[in-house]
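Below is protein-v5.csv, holding CSV, C-alpha atoms.
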chain,number,residue,atom,x,y,z
A,22,MET,CA,-21.5,60.4,-199.8
A,23,PRO,CA,-24.1,58.1,-198.2
A,24,ALA,CA,-26.9,59.9,-196.4
A,25,SER,CA,-25.8,58.4,-193.0
A,26,GLU,CA,-22.4,60.1,-193.3
A,27,ARG,CA,-23.6,63.5,-194.3
A,28,PRO,CA,-23.5,66.2,-191.5
A,29,ARG,CA,-27.0,66.8,-190.2
A,30,ARG,CA,-28.5,70.2,-190.5
A,31,LYS,CA,-29.4,72.0,-187.3
A,32,THR,CA,-32.4,74.2,-187.3
A,33,LEU,CA,-33.2,76.8,-184.6
A,34,ILE,CA,-36.9,77.7,-184.3
A,35,PHE,CA,-38.1,80.8,-182.3
A,36,HIS,CA,-41.7,80.6,-181.3
A,37,ILE,CA,-42.6,84.3,-180.6
A,38,GLY,CA,-46.3,84.2,-179.5
A,39,ASP,CA,-48.6,86.0,-179.7
A,40,HIS,CA,-50.0,85.9,-176.2
A,41,LYS,CA,-53.4,84.1,-176.0
A,42,THR,CA,-52.6,81.8,-178.9
A,43,GLY,CA,-52.0,78.5,-177.1
A,44,SER,CA,-48.3,79.1,-176.3
A,45,THR,CA,-48.5,77.4,-172.9
A,46,SER,CA,-49.9,74.2,-174.4
A,47,VAL,CA,-47.0,74.2,-176.9
A,48,GLN,CA,-44.5,74.8,-174.2
A,49,LEU,CA,-45.9,72.1,-171.9
A,50,ALA,CA,-45.8,69.6,-174.8
A,51,PHE,CA,-42.1,70.1,-175.4
A,52,ALA,CA,-41.1,70.7,-171.7
A,53,LYS,CA,-42.8,67.4,-170.8
A,54,GLY,CA,-41.1,65.6,-173.7
A,55,LEU,CA,-44.4,64.6,-175.2
A,56,VAL,CA,-43.5,65.3,-178.8
A,57,THR,CA,-41.6,62.8,-181.0
A,58,LEU,CA,-40.5,63.7,-184.6
A,59,ASP,CA,-40.2,60.9,-187.1
A,60,GLY,CA,-36.4,60.4,-187.5
A,61,HIS,CA,-35.4,63.7,-186.0
A,62,SER,CA,-34.6,65.0,-182.5
A,63,VAL,CA,-35.5,68.2,-180.7
A,64,PHE,CA,-33.6,70.1,-178.0
A,65,TYR,CA,-35.9,72.2,-175.8
A,66,PRO,CA,-33.6,74.3,-173.6
A,67,ALA,CA,-36.3,75.7,-171.2
A,68,ARG,CA,-37.9,74.1,-168.2
A,69,LEU,CA,-41.2,75.6,-169.4
A,70,ALA,CA,-40.9,78.8,-171.3
A,71,SER,CA,-38.1,81.2,-172.3
A,72,ASN,CA,-39.9,84.5,-171.7
A,73,ILE,CA,-36.9,85.9,-169.9
A,74,LEU,CA,-35.6,86.5,-173.4
A,75,GLU,CA,-37.7,89.6,-173.7
A,76,THR,CA,-36.0,91.1,-170.7
A,77,HIS,CA,-32.6,90.2,-172.2
A,78,CYS,CA,-33.5,91.8,-175.5
A,79,ARG,CA,-34.6,95.0,-173.9
A,80,ALA,CA,-31.4,95.1,-171.8
A,81,TYR,CA,-29.3,94.7,-174.9
A,82,ALA,CA,-31.2,97.5,-176.7
A,83,ARG,CA,-30.6,99.9,-173.7
A,84,ALA,CA,-26.9,99.1,-173.4
A,85,GLU,CA,-25.0,102.2,-174.4
A,86,THR,CA,-21.4,101.5,-173.4
A,87,PRO,CA,-19.2,98.6,-174.6
A,88,GLU,CA,-19.2,97.2,-171.1
A,89,ALA,CA,-23.0,97.3,-170.8
A,90,ARG,CA,-23.3,95.7,-174.2
A,91,ARG,CA,-20.9,92.9,-173.2
A,92,ALA,CA,-22.9,92.2,-170.1
A,93,ALA,CA,-26.2,92.3,-172.0
A,94,ALA,CA,-24.8,89.8,-174.5
A,95,LYS,CA,-23.9,87.1,-172.0
A,96,PRO,CA,-27.4,85.5,-171.8
A,97,PHE,CA,-27.5,85.2,-175.6
A,98,LYS,CA,-24.0,83.7,-175.8
A,99,ARG,CA,-24.9,81.2,-173.1
A,100,LEU,CA,-28.0,80.1,-174.9
A,101,ALA,CA,-26.2,80.0,-178.3
A,102,ALA,CA,-23.5,77.8,-176.8
A,103,ARG,CA,-26.1,75.3,-175.5
A,104,ILE,CA,-27.7,75.2,-178.9
A,105,GLN,CA,-24.5,74.7,-180.7
A,106,ALA,CA,-23.4,71.9,-178.3
A,107,SER,CA,-26.6,70.1,-178.8
A,108,GLU,CA,-26.6,67.1,-181.2
A,109,ALA,CA,-30.3,67.5,-181.9
A,110,ASP,CA,-31.6,68.3,-185.4
A,111,PHE,CA,-33.9,71.0,-184.1
A,112,THR,CA,-33.8,73.5,-181.2
A,113,LEU,CA,-37.1,75.1,-180.1
A,114,VAL,CA,-37.1,78.3,-178.1
A,115,SER,CA,-40.6,79.3,-177.1
A,116,ALA,CA,-41.3,82.8,-175.7
A,117,GLU,CA,-44.6,84.5,-176.3
A,118,SER,CA,-43.3,87.6,-174.5
A,119,LEU,CA,-41.2,88.2,-177.7
A,120,GLU,CA,-44.4,89.6,-179.1
A,121,GLY,CA,-43.4,92.9,-177.6
A,122,VAL,CA,-39.8,93.0,-179.0
A,123,PRO,CA,-39.2,95.1,-182.1
A,124,PRO,CA,-38.5,92.8,-185.0
A,125,ALA,CA,-35.4,94.8,-186.1
A,126,LEU,CA,-33.9,94.3,-182.6
A,127,PHE,CA,-34.6,90.6,-182.6
A,128,HIS,CA,-33.1,90.3,-186.1
A,129,GLU,CA,-29.9,91.9,-184.9
A,130,ILE,CA,-29.7,89.6,-181.9
A,131,ALA,CA,-30.5,86.5,-184.0
A,132,GLU,CA,-27.9,87.3,-186.6
A,133,THR,CA,-25.3,88.4,-184.1
A,134,PHE,CA,-25.5,85.6,-181.6
A,135,PHE,CA,-27.4,82.6,-183.1
A,136,ALA,CA,-26.5,82.5,-186.7
A,137,GLY,CA,-23.4,80.4,-185.9
A,138,ALA,CA,-25.3,78.0,-183.6
A,139,ALA,CA,-27.5,76.6,-186.3
A,140,ASP,CA,-27.7,76.2,-190.1
A,141,GLU,CA,-31.1,77.7,-190.3
A,142,ILE,CA,-33.2,80.1,-188.1
A,143,ARG,CA,-37.0,80.0,-188.4
A,144,ILE,CA,-39.5,82.3,-186.7
A,145,ILE,CA,-43.1,81.2,-186.1
A,146,ALA,CA,-46.0,83.2,-184.6
A,147,TYR,CA,-49.7,82.9,-184.2
A,148,VAL,CA,-52.3,85.7,-184.4
A,149,ARG,CA,-55.6,85.7,-182.7
A,150,PRO,CA,-58.5,87.4,-184.5
A,151,HIS,CA,-59.1,91.0,-183.3
A,152,ALA,CA,-62.3,90.7,-181.3
A,153,ALA,CA,-61.3,87.5,-179.7
A,154,ARG,CA,-57.9,89.1,-178.7
A,155,VAL,CA,-59.7,92.0,-177.0
A,156,LEU,CA,-61.9,89.7,-175.1
A,157,SER,CA,-59.2,87.3,-174.0
A,158,SER,CA,-56.8,90.1,-173.1
A,159,PHE,CA,-59.4,91.7,-170.8
A,160,ALA,CA,-59.9,88.3,-169.0
A,161,GLU,CA,-56.1,87.9,-168.8
A,162,ARG,CA,-55.6,91.3,-167.2
A,163,ILE,CA,-58.1,90.5,-164.5
A,164,LYS,CA,-56.4,87.1,-164.0
A,165,ILE,CA,-53.0,88.7,-163.5
A,166,GLY,CA,-54.3,91.5,-161.4
A,167,THR,CA,-53.8,94.5,-163.6
A,168,ALA,CA,-55.1,97.4,-161.5
A,169,ARG,CA,-56.9,99.2,-164.3
A,170,ALA,CA,-58.7,96.1,-165.4
A,171,LEU,CA,-59.8,95.2,-161.9
A,172,ARG,CA,-61.4,98.7,-161.6
A,173,SER,CA,-63.1,98.9,-165.1
A,174,ASP,CA,-65.3,97.0,-167.4
A,175,LEU,CA,-65.0,95.4,-170.8
A,176,ASN,CA,-66.3,98.5,-172.6
A,177,SER,CA,-63.7,100.7,-171.0
A,178,PHE,CA,-60.9,98.2,-171.7
A,179,ALA,CA,-61.9,97.9,-175.4
A,180,ALA,CA,-62.2,101.7,-175.8
A,181,ARG,CA,-58.6,102.1,-174.6
A,182,ARG,CA,-57.4,99.4,-176.9
A,183,ILE,CA,-59.0,101.0,-179.9
A,184,GLU,CA,-57.8,104.5,-179.0
A,185,GLY,CA,-54.3,103.3,-178.5
A,186,GLY,CA,-54.2,101.4,-181.8
A,187,ASP,CA,-53.6,98.1,-180.0
A,188,TYR,CA,-54.0,94.9,-182.0
A,189,ILE,CA,-53.5,96.7,-185.3
A,190,TYR,CA,-51.4,93.7,-186.4
A,191,LEU,CA,-50.2,94.5,-189.9
A,192,PRO,CA,-47.2,96.9,-189.1
A,193,ARG,CA,-45.7,94.5,-186.6
A,194,PHE,CA,-46.1,91.3,-188.6
A,195,ALA,CA,-45.1,93.0,-191.8
A,196,ALA,CA,-41.8,94.0,-190.0
A,197,TRP,CA,-41.2,90.4,-189.0
A,198,ARG,CA,-41.7,89.4,-192.6
A,199,GLU,CA,-39.4,92.2,-193.8
A,200,HIS,CA,-36.6,91.1,-191.6
A,201,PHE,CA,-36.9,87.3,-191.9
A,202,ALA,CA,-38.6,86.9,-195.3
A,203,ASP,CA,-39.7,83.3,-195.9
A,204,ARG,CA,-38.1,82.2,-192.6
A,205,PHE,CA,-41.1,83.9,-190.9
A,206,THR,CA,-44.3,81.9,-190.6
A,207,LEU,CA,-47.6,83.4,-189.3
A,208,ARG,CA,-50.5,81.1,-188.5
A,209,PRO,CA,-54.1,82.2,-187.7
A,210,MET,CA,-55.3,81.2,-184.3
A,211,ILE,CA,-58.6,80.0,-185.7
A,212,ARG,CA,-59.6,76.4,-184.8
A,213,SER,CA,-61.1,75.6,-188.3
A,214,GLN,CA,-57.7,76.6,-189.8
A,215,LEU,CA,-55.5,74.6,-187.4
A,216,TYR,CA,-53.9,71.3,-188.5
A,217,GLN,CA,-56.0,68.5,-187.0
A,218,GLY,CA,-58.0,71.3,-185.2
A,219,ASP,CA,-55.4,71.6,-182.5
A,220,VAL,CA,-52.8,74.3,-181.9
A,221,VAL,CA,-50.1,72.0,-180.7
A,222,SER,CA,-50.4,69.7,-183.8
A,223,ASP,CA,-50.6,72.8,-186.0
A,224,PHE,CA,-47.5,74.2,-184.4
A,225,ILE,CA,-45.5,71.0,-184.9
A,226,HIS,CA,-46.7,70.5,-188.4
A,227,HIS,CA,-45.8,74.1,-189.6
A,228,ALA,CA,-42.7,74.8,-187.4
A,229,PHE,CA,-40.9,71.5,-188.3
A,230,GLY,CA,-41.7,71.5,-192.0
A,231,GLY,CA,-44.4,68.9,-192.1
A,232,LEU,CA,-42.4,66.1,-190.5
A,233,ALA,CA,-44.5,63.2,-189.2
A,234,PHE,CA,-44.9,63.4,-185.4
A,235,THR,CA,-46.6,61.8,-182.5
A,236,ILE,CA,-47.9,63.5,-179.3
A,237,SER,CA,-48.1,61.3,-176.2
A,238,GLY,CA,-50.1,62.3,-173.1
A,239,GLU,CA,-52.1,65.5,-172.5
A,240,SER,CA,-50.5,68.8,-173.4
A,241,GLN,CA,-53.5,71.2,-173.5
A,242,ALA,CA,-53.2,73.9,-170.8
A,243,ASN,CA,-56.6,74.9,-169.4
A,244,GLU,CA,-56.1,78.6,-169.4
A,245,SER,CA,-59.6,80.0,-169.9
A,246,LEU,CA,-61.4,80.7,-166.7
A,247,CYS,CA,-65.1,80.8,-166.6
A,248,LEU,CA,-66.7,84.1,-165.6
A,249,GLU,CA,-67.5,82.8,-162.1
A,250,ASP,CA,-63.9,81.7,-161.5
A,251,LEU,CA,-62.7,85.0,-162.9
A,252,MET,CA,-64.8,86.9,-160.4
A,253,ARG,CA,-63.5,84.7,-157.6
A,254,LEU,CA,-60.0,85.5,-158.7
A,255,LYS,CA,-60.9,89.2,-159.0
A,256,VAL,CA,-61.8,89.3,-155.2
A,257,LEU,CA,-58.3,87.9,-154.4
A,258,GLN,CA,-56.5,90.2,-156.8
A,259,LYS,CA,-58.2,93.3,-155.5
A,260,ALA,CA,-56.8,92.3,-152.0
A,261,LEU,CA,-53.3,92.1,-153.5
A,262,LEU,CA,-53.2,95.4,-155.3
A,263,HIS,CA,-50.5,96.6,-152.9
A,264,GLN,CA,-48.3,93.7,-153.9
A,265,SER,CA,-45.9,93.7,-156.9
A,266,LYS,CA,-47.2,93.2,-160.4
A,267,ASP,CA,-45.0,90.1,-160.7
A,268,LEU,CA,-46.5,88.6,-157.6
A,269,ARG,CA,-50.1,89.2,-158.8
A,270,LEU,CA,-49.2,87.7,-162.2
A,271,LYS,CA,-47.8,84.5,-160.5
A,272,VAL,CA,-50.9,84.3,-158.2
A,273,GLY,CA,-53.2,84.5,-161.2
A,274,TRP,CA,-51.3,81.8,-163.0
A,275,GLU,CA,-51.4,79.5,-160.0
A,276,PHE,CA,-55.1,80.1,-159.5
A,277,SER,CA,-55.8,79.3,-163.1
A,278,ARG,CA,-53.6,76.2,-163.0
A,279,LEU,CA,-55.4,74.8,-159.9
A,280,ALA,CA,-58.8,75.6,-161.3
A,281,GLY,CA,-57.9,73.6,-164.4
A,282,HIS,CA,-57.3,70.5,-162.2
A,283,LEU,CA,-60.7,70.7,-160.6
A,284,PRO,CA,-63.9,69.1,-161.9
A,285,PRO,CA,-66.0,71.7,-163.9
A,286,ALA,CA,-68.2,73.8,-161.6
A,287,PRO,CA,-72.0,73.4,-161.9
A,288,ALA,CA,-72.3,77.0,-163.2
A,289,ARG,CA,-69.8,78.0,-165.9
A,290,THR,CA,-70.5,81.2,-167.8
A,291,ARG,CA,-68.3,82.2,-170.7
A,292,LEU,CA,-67.1,85.8,-170.9
A,293,GLN,CA,-68.7,87.1,-174.1
A,294,LEU,CA,-68.8,90.2,-176.3
A,295,HIS,CA,-72.1,92.1,-176.5
A,296,ARG,CA,-73.5,93.5,-179.7
A,297,ALA,CA,-73.0,97.1,-178.9
A,298,LEU,CA,-69.3,96.5,-178.4
A,299,ALA,CA,-68.8,93.9,-181.2
A,300,LYS,CA,-69.9,96.3,-183.9
A,301,PRO,CA,-67.4,99.1,-183.1
A,302,LEU,CA,-64.7,96.5,-182.8
A,303,ARG,CA,-65.5,95.3,-186.3
A,304,ASP,CA,-65.5,98.9,-187.6
A,305,SER,CA,-62.2,99.6,-185.9
A,306,TYR,CA,-60.3,96.5,-187.0
A,307,LEU,CA,-61.8,95.6,-190.4
A,308,GLU,CA,-59.2,97.4,-192.5
A,309,ASP,CA,-56.4,95.7,-190.6
A,310,ALA,CA,-58.1,92.4,-191.0
A,311,ARG,CA,-58.3,92.9,-194.7
A,312,ASN,CA,-54.7,93.8,-194.9
A,313,MET,CA,-53.7,90.8,-192.8
A,314,ASP,CA,-55.7,88.5,-195.0
A,315,ARG,CA,-54.1,90.0,-198.1
A,316,MET,CA,-50.5,89.8,-196.9
A,317,PHE,CA,-50.4,86.6,-194.9
A,318,PHE,CA,-53.4,84.4,-195.8
A,319,SER,CA,-53.4,84.5,-199.6
A,320,GLY,CA,-56.4,86.9,-199.7
A,321,GLU,CA,-58.7,84.4,-198.0
A,322,PRO,CA,-60.9,86.5,-195.7
A,323,LEU,CA,-60.0,84.6,-192.5
A,324,MET,CA,-59.5,87.6,-190.2
A,325,GLN,CA,-62.4,89.5,-191.8
A,326,ASN,CA,-64.8,86.6,-191.3
A,327,GLU,CA,-63.9,86.3,-187.7
A,328,LEU,CA,-64.8,90.0,-187.1
A,329,HIS,CA,-68.2,89.5,-188.8
A,330,ALA,CA,-68.8,86.3,-186.9
A,331,ALA,CA,-68.0,88.1,-183.6
A,332,VAL,CA,-71.0,90.4,-184.3
A,333,LYS,CA,-73.3,87.6,-185.2
A,334,LYS,CA,-72.4,85.6,-182.0
A,335,ALA,CA,-72.5,88.6,-179.7
A,336,ILE,CA,-75.0,88.5,-176.9
A,337,ALA,CA,-77.7,91.3,-176.6
A,338,LYS,CA,-76.6,92.9,-173.3
A,339,PRO,CA,-73.2,93.4,-171.6
A,340,GLN,CA,-72.2,91.0,-168.9
A,341,SER,CA,-71.4,92.4,-165.5
A,342,THR,CA,-67.9,92.0,-164.2
A,343,ALA,CA,-68.8,92.7,-160.6
A,344,PRO,CA,-68.2,89.7,-158.3
A,345,ALA,CA,-71.4,90.4,-156.4
A,346,ASP,CA,-73.5,89.8,-159.6
A,347,HIS,CA,-72.2,86.3,-160.0
A,348,LEU,CA,-71.4,84.9,-156.6
A,349,PRO,CA,-73.9,84.4,-153.6
A,350,PRO,CA,-73.3,86.7,-150.6
A,351,SER,CA,-72.2,83.9,-148.4
A,352,GLU,CA,-69.5,82.8,-150.9
A,353,LEU,CA,-68.4,86.4,-151.5
A,354,HIS,CA,-68.1,86.9,-147.7
A,355,GLY,CA,-65.9,83.8,-147.4
A,356,LEU,CA,-63.8,84.8,-150.4
A,357,THR,CA,-63.2,88.2,-148.9
A,358,LEU,CA,-62.0,86.8,-145.6
A,359,MET,CA,-59.7,84.3,-147.3
A,360,ALA,CA,-58.3,86.9,-149.7
A,361,GLY,CA,-57.5,89.1,-146.7
A,362,MET,CA,-55.7,86.2,-145.0
A,363,VAL,CA,-53.8,85.3,-148.1
A,364,SER,CA,-52.8,88.9,-148.6
A,365,GLY,CA,-51.4,89.1,-145.0
A,366,MET,CA,-49.4,85.9,-145.6
A,367,LEU,CA,-47.9,87.2,-148.8
A,368,ASP,CA,-46.7,90.3,-146.9
A,369,ALA,CA,-44.0,88.0,-145.4
A,370,GLY,CA,-40.9,89.8,-146.7
A,371,GLU,CA,-38.5,86.9,-146.1
A,372,VAL,CA,-40.1,84.8,-148.9
A,373,ASP,CA,-39.7,85.5,-152.6
A,374,TRP,CA,-43.2,84.6,-153.4
A,375,PRO,CA,-43.0,85.2,-157.2
A,376,ALA,CA,-40.0,82.9,-157.4
A,377,PHE,CA,-41.7,80.3,-155.2
A,378,LEU,CA,-44.9,80.2,-157.3
A,379,HIS,CA,-43.0,80.1,-160.6
A,380,GLY,CA,-40.8,77.3,-159.3
A,381,LYS,CA,-43.9,75.4,-158.1
A,382,ARG,CA,-45.5,75.7,-161.5
A,383,VAL,CA,-42.4,74.4,-163.2
A,384,ARG,CA,-41.9,71.6,-160.7
A,385,ASP,CA,-45.5,70.5,-161.1
A,386,ALA,CA,-45.1,70.3,-164.9
A,387,GLU,CA,-42.0,68.2,-164.4
A,388,ASP,CA,-43.7,65.9,-161.9
A,389,ALA,CA,-46.3,65.1,-164.5
A,390,LEU,CA,-43.5,63.4,-166.5
A,391,GLN,CA,-42.6,60.9,-163.7
A,392,PRO,CA,-44.1,57.4,-163.8
A,393,ALA,CA,-46.5,56.7,-161.0
A,394,SER,CA,-44.1,54.3,-159.3
A,395,ALA,CA,-41.3,56.9,-159.3
A,396,ALA,CA,-43.6,59.5,-157.8
A,397,GLU,CA,-44.6,57.3,-154.8

Can you dump the structure from the file as C-alpha cells?
Amino acid sequence: MPASERPRRKTLIFHIGDHKTGSTSVQLAFAKGLVTLDGHSVFYPARLASNILETHCRAYARAETPEARRAAAKPFKRLAARIQASEADFTLVSAESLEGVPPALFHEIAETFFAGAADEIRIIAYVRPHAARVLSSFAERIKIGTARALRSDLNSFAARRIEGGDYIYLPRFAAWREHFADRFTLRPMIRSQLYQGDVVSDFIHHAFGGLAFTISGESQANESLCLEDLMRLKVLQKALLHQSKDLRLKVGWEFSRLAGHLPPAPARTRLQLHRALAKPLRDSYLEDARNMDRMFFSGEPLMQNELHAAVKKAIAKPQSTAPADHLPPSELHGLTLMAGMVSGMLDAGEVDWPAFLHGKRVRDAEDALQPASAAE
C-alpha cells in the first residue's frame, strides 16, 4: 500500500510538569500556534493549559458510587472524544498540575478513557534540580500569596521542605516509569542539557520523537520576578490574605504577566541561596540526586553536579525578604495605600474575580495571535 494511503497513526502526548520547569512557555507556544512540525499536525485542545485535569483526576479517585464514578468520568470522555475526532497526527495535553496526581491513578484513567482515542500515549515530564526547586518554589509561594510563605523566610521554608521529604524525586518518577515504561520520558531542567539551550525546543524535540520543527514568534513566558518586584507583590498579597487562595493565585499570575511586559527596572536583584542553606540542601538531597542520575540520566551526575554547583554559587549571607529592606519608604507607603484600595475593590462579591483574571490572561494570550491590522 502506498504511504499516502496508509492510515496515519495518532499519538497523544501528556505533558505533566513539573512546576517551575518552563511549562507556561511550552503552553504559550502551542496555544498561540507558534509550533510547526515538518509534515505533521498537532491538536492542542486547551486555550492555554489543561490544569483542570488534576481536579478531574482527584474527583474520579474520590468517587465511591457508580453514579459518582459516571459523573467523574464525563470530563475525560469529552476530552477523549475531541482527541478521537481530531484528524491531527498528534494531540498535546499540557498540565503541570498533574505533578501531584499519583501515577497509578493517571495510568488507570489513561488506559480507561484515552487508549481508544489514539494509537500511542506518551508521557513527558521535566525535573528541576533540588536546590533550584526549593528556591523557585519559595518565590512562587510568595507570588501566589501562600500565607505561610508571606510570613516566613527562605530558611524556614527550606527546613519545612526537608522535614516533609518534599522534592525527593525518585519514588514519584520511578512510579511513572513503572506504569508507563518507555512511554515515559523525563528531561532535566538544566539549560546546558536542553536541546538548543531552550526548554520549548527541547520539549518539541523529545516529545515528538525528533521531528524537524520551527517556532515562529516569541513563546518564552517571563515568570521569574526579581526580588524587588517580589517584595512589591508581597505587599499586595499580604493585604489580600482574607481573600480566597484561588484569587490570590490569579492576582499573582496577573502581576507577574504585567511585570514581564514592562522594561527592566533599574534595580533587579535575583533571589539567591546563601551558603549556610545551600550546604544542608546538598546534604539532604544528594542521595536522591545520585539515584535520579542512575535511573534516568544514564549515570551522568547531572543532578549531583547541580547540588554541588548550588553551594559554589551561593552568596555569603541570607537575603532579607522584608519589603522594607528593598523598597524606599515613600514607595512602600504608596504600595500599601494601593494594596488597601485594590483589596477593597476585590471585596465586591458580585464579580467572580478569579474567573475574570484567568479569562483575561487567556484572552491576552489569544490577542497576541492577531495580526496588527485585525487588532485595530

Which residues are close to A:Trp274, i.e. within 9 Å by all atoms listed in the file, leaving aside same-chain residues fewer than 6 positions away? Reply as a list in words. Lys164, Ile165, Glu244, Leu378, His379 and Arg382 of chain A

Per residue of stretch 226-336 of chain A within 10 Å of stretch 362-376 of chain A, record the nearest atom pair and its distance in Å to one decimal, counting all atoms listed in the file, with rows in chain order and ascending residue number, as JSON lines.
{"residue": "A:Leu257", "atom": "CA", "partner": "A:Ser364", "partner_atom": "CA", "distance": 8.1}
{"residue": "A:Gln258", "atom": "CA", "partner": "A:Ser364", "partner_atom": "CA", "distance": 9.1}
{"residue": "A:Lys259", "atom": "CA", "partner": "A:Ser364", "partner_atom": "CA", "distance": 9.8}
{"residue": "A:Ala260", "atom": "CA", "partner": "A:Ser364", "partner_atom": "CA", "distance": 6.3}
{"residue": "A:Leu261", "atom": "CA", "partner": "A:Ser364", "partner_atom": "CA", "distance": 5.9}
{"residue": "A:Leu262", "atom": "CA", "partner": "A:Ser364", "partner_atom": "CA", "distance": 9.3}
{"residue": "A:His263", "atom": "CA", "partner": "A:Ser364", "partner_atom": "CA", "distance": 9.1}
{"residue": "A:Gln264", "atom": "CA", "partner": "A:Asp368", "partner_atom": "CA", "distance": 7.9}
{"residue": "A:Ser265", "atom": "CA", "partner": "A:Pro375", "partner_atom": "CA", "distance": 9.0}
{"residue": "A:Lys266", "atom": "CA", "partner": "A:Pro375", "partner_atom": "CA", "distance": 9.6}
{"residue": "A:Asp267", "atom": "CA", "partner": "A:Pro375", "partner_atom": "CA", "distance": 6.3}
{"residue": "A:Leu268", "atom": "CA", "partner": "A:Pro375", "partner_atom": "CA", "distance": 4.9}
{"residue": "A:Arg269", "atom": "CA", "partner": "A:Pro375", "partner_atom": "CA", "distance": 8.3}
{"residue": "A:Leu270", "atom": "CA", "partner": "A:Pro375", "partner_atom": "CA", "distance": 8.3}
{"residue": "A:Lys271", "atom": "CA", "partner": "A:Pro375", "partner_atom": "CA", "distance": 5.9}
{"residue": "A:Val272", "atom": "CA", "partner": "A:Pro375", "partner_atom": "CA", "distance": 8.0}

field: A:Leu100 environment, 9 Å, all atoms listed in the file, sequence neighbours closer than 5 positions dropped, as an MDAnalysis selection string
entry: chainID A and resid 66 95 105 135

Near stretch 283-307 of chain A, 10 Å: stretch 221-261 of chain A residue rows, closest pairs, only C-alpha atoms, as JSON lines:
{"residue": "A:Ser245", "atom": "CA", "partner": "A:Arg291", "partner_atom": "CA", "distance": 9.0}
{"residue": "A:Leu246", "atom": "CA", "partner": "A:Arg291", "partner_atom": "CA", "distance": 8.1}
{"residue": "A:Cys247", "atom": "CA", "partner": "A:Arg291", "partner_atom": "CA", "distance": 5.4}
{"residue": "A:Leu248", "atom": "CA", "partner": "A:Thr290", "partner_atom": "CA", "distance": 5.3}
{"residue": "A:Glu249", "atom": "CA", "partner": "A:Arg289", "partner_atom": "CA", "distance": 6.5}
{"residue": "A:Asp250", "atom": "CA", "partner": "A:Arg289", "partner_atom": "CA", "distance": 8.2}
{"residue": "A:Leu251", "atom": "CA", "partner": "A:Leu292", "partner_atom": "CA", "distance": 9.2}

Taking a cut-off of 9 Å and counting only C-alpha atoms, can you build a table that, for each residue of stretch 285-337 of chain A near stretch 192-202 of chain A, reports the nearest atom pair and how far apart they are in Å (one decimal), sorted by chain then residue number, as a tab-separated table?
residue	atom	partner	partner_atom	distance
A:Met313	CA	A:Phe194	CA	8.7
A:Met316	CA	A:Ala195	CA	8.1
A:Phe317	CA	A:Ala195	CA	8.9

Would you mind listing what lies within 12 Å of stretch 122-125 of chain A as an NGL selection string, with all atoms listed in the file counted and same-chain residues fewer than 2 positions away left out? :A and (37-39 or 72-82 or 116-120 or 127-132 or 144 or 192-202 or 205)

Tell me, counting only C-alpha atoms, for each residue of stretch 261-313 of chain A within 12 Å of stretch 231-241 of chain A, which pair of atoms is nearest and how far apart they are in Å to one decimal, in rows ordered by chain and increasing number, as a Markdown table.
| residue | atom | partner | partner_atom | distance |
| --- | --- | --- | --- | --- |
| A:Arg278 | CA | A:Gln241 | CA | 11.6 |
| A:Gly281 | CA | A:Gln241 | CA | 10.4 |
| A:His282 | CA | A:Gln241 | CA | 11.9 |

| query | Nearest to A:Ala335: which of A:Ile183, A:Leu156, A:Leu353, A:Ala50 is it, counting all atoms listed in the file? | reply |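 Residue with the minimum atom-to-atom distance to A:Ala335: A:Leu156.
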
Review point. Residues at most 7 Å from A:Val256, counting all atoms listed in the file, excluding those fewer than 4 positions away in the same chain, as a ChimeraX atom specification?
Key: /A:252,260,356-357,360

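Here atom CA of A:His151 and atom CA of A:Arg253 stand 26.8 Å from one another.
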